[in-house]
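Undergrad: My questions will all concern the structure given below.
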Amino acid sequence: MKSEAEQHFSRELLSWYRANKRTLPWRVNRDPYRIWVSEIMLQQTRVDTVIPYYERFMDRFPTIRALAEAPEAEVLKCWEGLGYYSRARNLQAGARMVMELYGGEVPDDKTSVAGLKGVGPYTSGAIMSIAFNRAEPAVDGNVMRVLSRYFCLEEDIAKPKTRIGIEKLAVSLIPEGAAGDFNQGLMELGALVCTPKSPSCLLCPVMEHCAGRIAGKEHELPIKTKAKPPRPEHRVAAIIAGSGVNAGKVLVRQRPETGLLAQMWELPHLLLTKEQSYLLAIDGAAANEQAVAGELLTKAVESESGLLIRPRKWFMDAEHVFSHIHWTMRFYLADLGAEDYSIAAESAAAYETGGIDGSGESPSEAVEQPYRWIGPEDMETLAFPNLFLRILREYWD
DNA sequence: AACCCGGGGCC
DNA sequence: GGCCCAGGGTT
């Protein structure tokens with residue numbers, strides 16, 4: 001038997017959502033593919049940020065087949081700037097699974113959907129409830145906050161076990177035949193009314209029976225242990241200007257297939273040891289520091305690219321914070337060593353035929369090409385993390 | 001359970 | 001400048 005508070009919550013939230021829901025691009029119909037893409041993009045990402053990406057993505061990949069058959073680099077480029085880039089690769093892998101296993105249609109089956117790459121407990125519940133109106137929980141940070149407050153739950157929502165418990169509670173609250181609207185209402189309330197910092201309790205449709213507010217704890221809930229601060233990393237990076245056939249271009253490289261910013265392009269850079277960090281002066285223009293950084297960069301980039309690098313001068317500093325790493329980067333302008341001009345030219349020519357080392361491999365046999373000379377026009381095809389986008393735009397302006 | 005994986009907006 | 005995320009994968 002449901003309590004008065006529970007019945008009140010389900011009834012009032014559903015009716016509030018139906019009267020107040022925002023018009024959003026993924027709410028124009030219940031196409032499971034459109035819901036799926038939106039839910040992946042919305043992971044850890046705000047609605048306003050997602051909307052332009054979503055429109056572009058659906059234009060480019062309107063169907064599961066289109067996404068499954070696209071080059072991976074094109075999908076990554078479409079995701080550029082959105083972050084958590086494994087989401088893009090997992091989404092495409094999921095699309096390919098749907099083509100292979102389910103005839104190109106998202107299956108109306110919880111276990112099958114939950115088995116798709118990149119689809120976890122939250123997203124499978126969201127797809128099943130929103131696209132198919134199945135009575136599955138879709139518990140994200142919003143839902144944990146709303147329910148923690150309404151039922152005055154004091155468990156730590158950072159713990160996985162807490163999410164399991166809230167999922168059970170959330171299922172029990174779903175009104176008959178209205179799973180999609182109810183789940184979206186839960187998240188909509190969290191986004192618009194029951195916000196993290198200063199909840200608008202006086203506008204809340206379920207304020208009357210909210211145990212958290214009645215207890216005066218709406219500002220303390222939900223309980224959540226703090227994340228570890230990101231570890232600091234000092235890096236030196238080079239903007240290496242090409243010459244001859246590469247005049248006007250700069251040297252970039254592609255990151256490894258897995259790990260941080262996988263397969264994205266970047267300016268060459270080097271992690272400093274703690275001792276090396278201390279050698280750097282506060283002032284990037286100091287001659288002593290330039291010499292040190294120049295030597296480090298030269299050694300590292302030369303051995304990787306086979307080019308002779310000559311650091312010229314400090315360009316700018318930049319900070320970039322990930323959830324787990326804090327980069328402090330110092331960028332230097334650099335040239336190719338003068339006597340190395342022929343090698344640079346050869347390397348550029350070699351690239352066209354598949355090898356920067358000039359080994360003369362045919363393009364079909366080229367294994368990996370981590371370094372490339374690019375001009376501004378190449379920014380339209382290669383995917384860069386925001387940090388390097390900013391630096392390169394600054395450089396070319 | 002702990003860690004890895006981006007980015008932007010808000011206060 | 002700290003805090004918040006419409007999480008999932010890996011170990």
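Residue numbers start at 1 in each chain; chains themselves are named A, B, ... in the order of the structure tokens; ligands are numbered from 1 in the order shown.
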Show me which bits of chain C are within 7 Å of chain A, counting only C-alpha atoms (C1' of nucleotides), as JSON, numbers by chain.
TA: {"C": [4, 5, 6, 7, 8]}
Undergrad: Using N, CA, C and O atoms (P, O5', C5', C4', C3', O3' and C1' of nucleotides), can you write the selected residues to a file as a compact mmCIF listing (two decimals), in the first residue's frame?
TA:
# COMPACT_ATOMS: atom_id res chain seq x y z
P DC C 4 29.10 19.66 -4.90
O5' DC C 4 28.30 19.71 -6.28
C5' DC C 4 27.04 20.36 -6.32
C4' DC C 4 26.60 20.53 -7.75
C3' DC C 4 26.58 19.25 -8.57
O3' DC C 4 25.36 18.57 -8.39
C1' DC C 4 27.53 21.06 -9.83
P DC C 5 25.46 16.93 -8.12
O5' DC C 5 26.31 16.29 -9.36
C5' DC C 5 25.62 15.77 -10.48
C4' DC C 5 25.13 16.90 -11.34
C3' DC C 5 24.70 16.48 -12.72
O3' DC C 5 23.78 17.44 -13.21
C1' DC C 5 26.68 17.76 -12.87
P DA C 6 22.16 16.97 -12.81
O5' DA C 6 22.05 15.77 -13.83
C5' DA C 6 20.91 15.48 -14.61
C4' DA C 6 21.27 14.22 -15.37
C3' DA C 6 22.54 14.35 -16.21
O3' DA C 6 23.05 13.05 -16.42
C1' DA C 6 20.66 14.10 -17.62
P DG C 7 24.24 12.49 -15.54
O5' DG C 7 24.70 11.13 -16.23
C5' DG C 7 24.27 9.84 -15.77
C4' DG C 7 24.86 8.87 -16.75
C3' DG C 7 24.71 7.42 -16.36
O3' DG C 7 24.58 6.68 -17.56
C1' DG C 7 27.00 8.02 -16.31
P DG C 8 24.57 5.09 -17.55
O5' DG C 8 26.03 4.68 -18.04
C5' DG C 8 26.49 5.21 -19.28
C4' DG C 8 27.79 4.55 -19.67
C3' DG C 8 27.86 3.05 -19.38
O3' DG C 8 28.51 2.44 -20.48
C1' DG C 8 29.59 4.17 -18.21
Undergrad: DT11 of chain C: which residues within 12 Å, counting only C-alpha atoms (C1' of nucleotides), same-chain residues fewer than 3 positions away excluded, as number ranges by chain?
TA: B: 1-4
Undergrad: Using only C-alpha atoms (C1' of nucleotides), select each residue of chain B with any atom at most 8 Å away from an atom of chain A, and give the selection as a list in words.
TA: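 Therefore, the residues near the partner are DC4, DC5, DG6, DG7 and DG8 of chain B.
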Undergrad: Would you pick out the contacts of Ser277 of chain A at 7 Å or less, using only C-alpha atoms (C1' of nucleotides), so that residues sharing its chain but fewer than 4 positions from it are not included, and give the list as a list in words?
TA: His234, Leu272 and Thr273 of chain A
Undergrad: Any chance you can output those residues with C-alpha atoms as a CSV table (one decimal), in the first residue's frame?
TA:
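The new file result-v7.csv reads:
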chain,number,residue,atom,x,y,z
A,234,HIS,CA,52.9,20.5,-15.7
A,272,LEU,CA,57.4,17.3,-16.9
A,273,THR,CA,58.6,15.4,-13.8
Undergrad: Considering only strand (DSSP E) as DSSP defines it on the backbone, what residues of segment 176-338 of chain A qualify? List them as a PyMOL selection string.
TA: chain A and resi 231-240+250-254+265-266+269-271+309-321+325-336
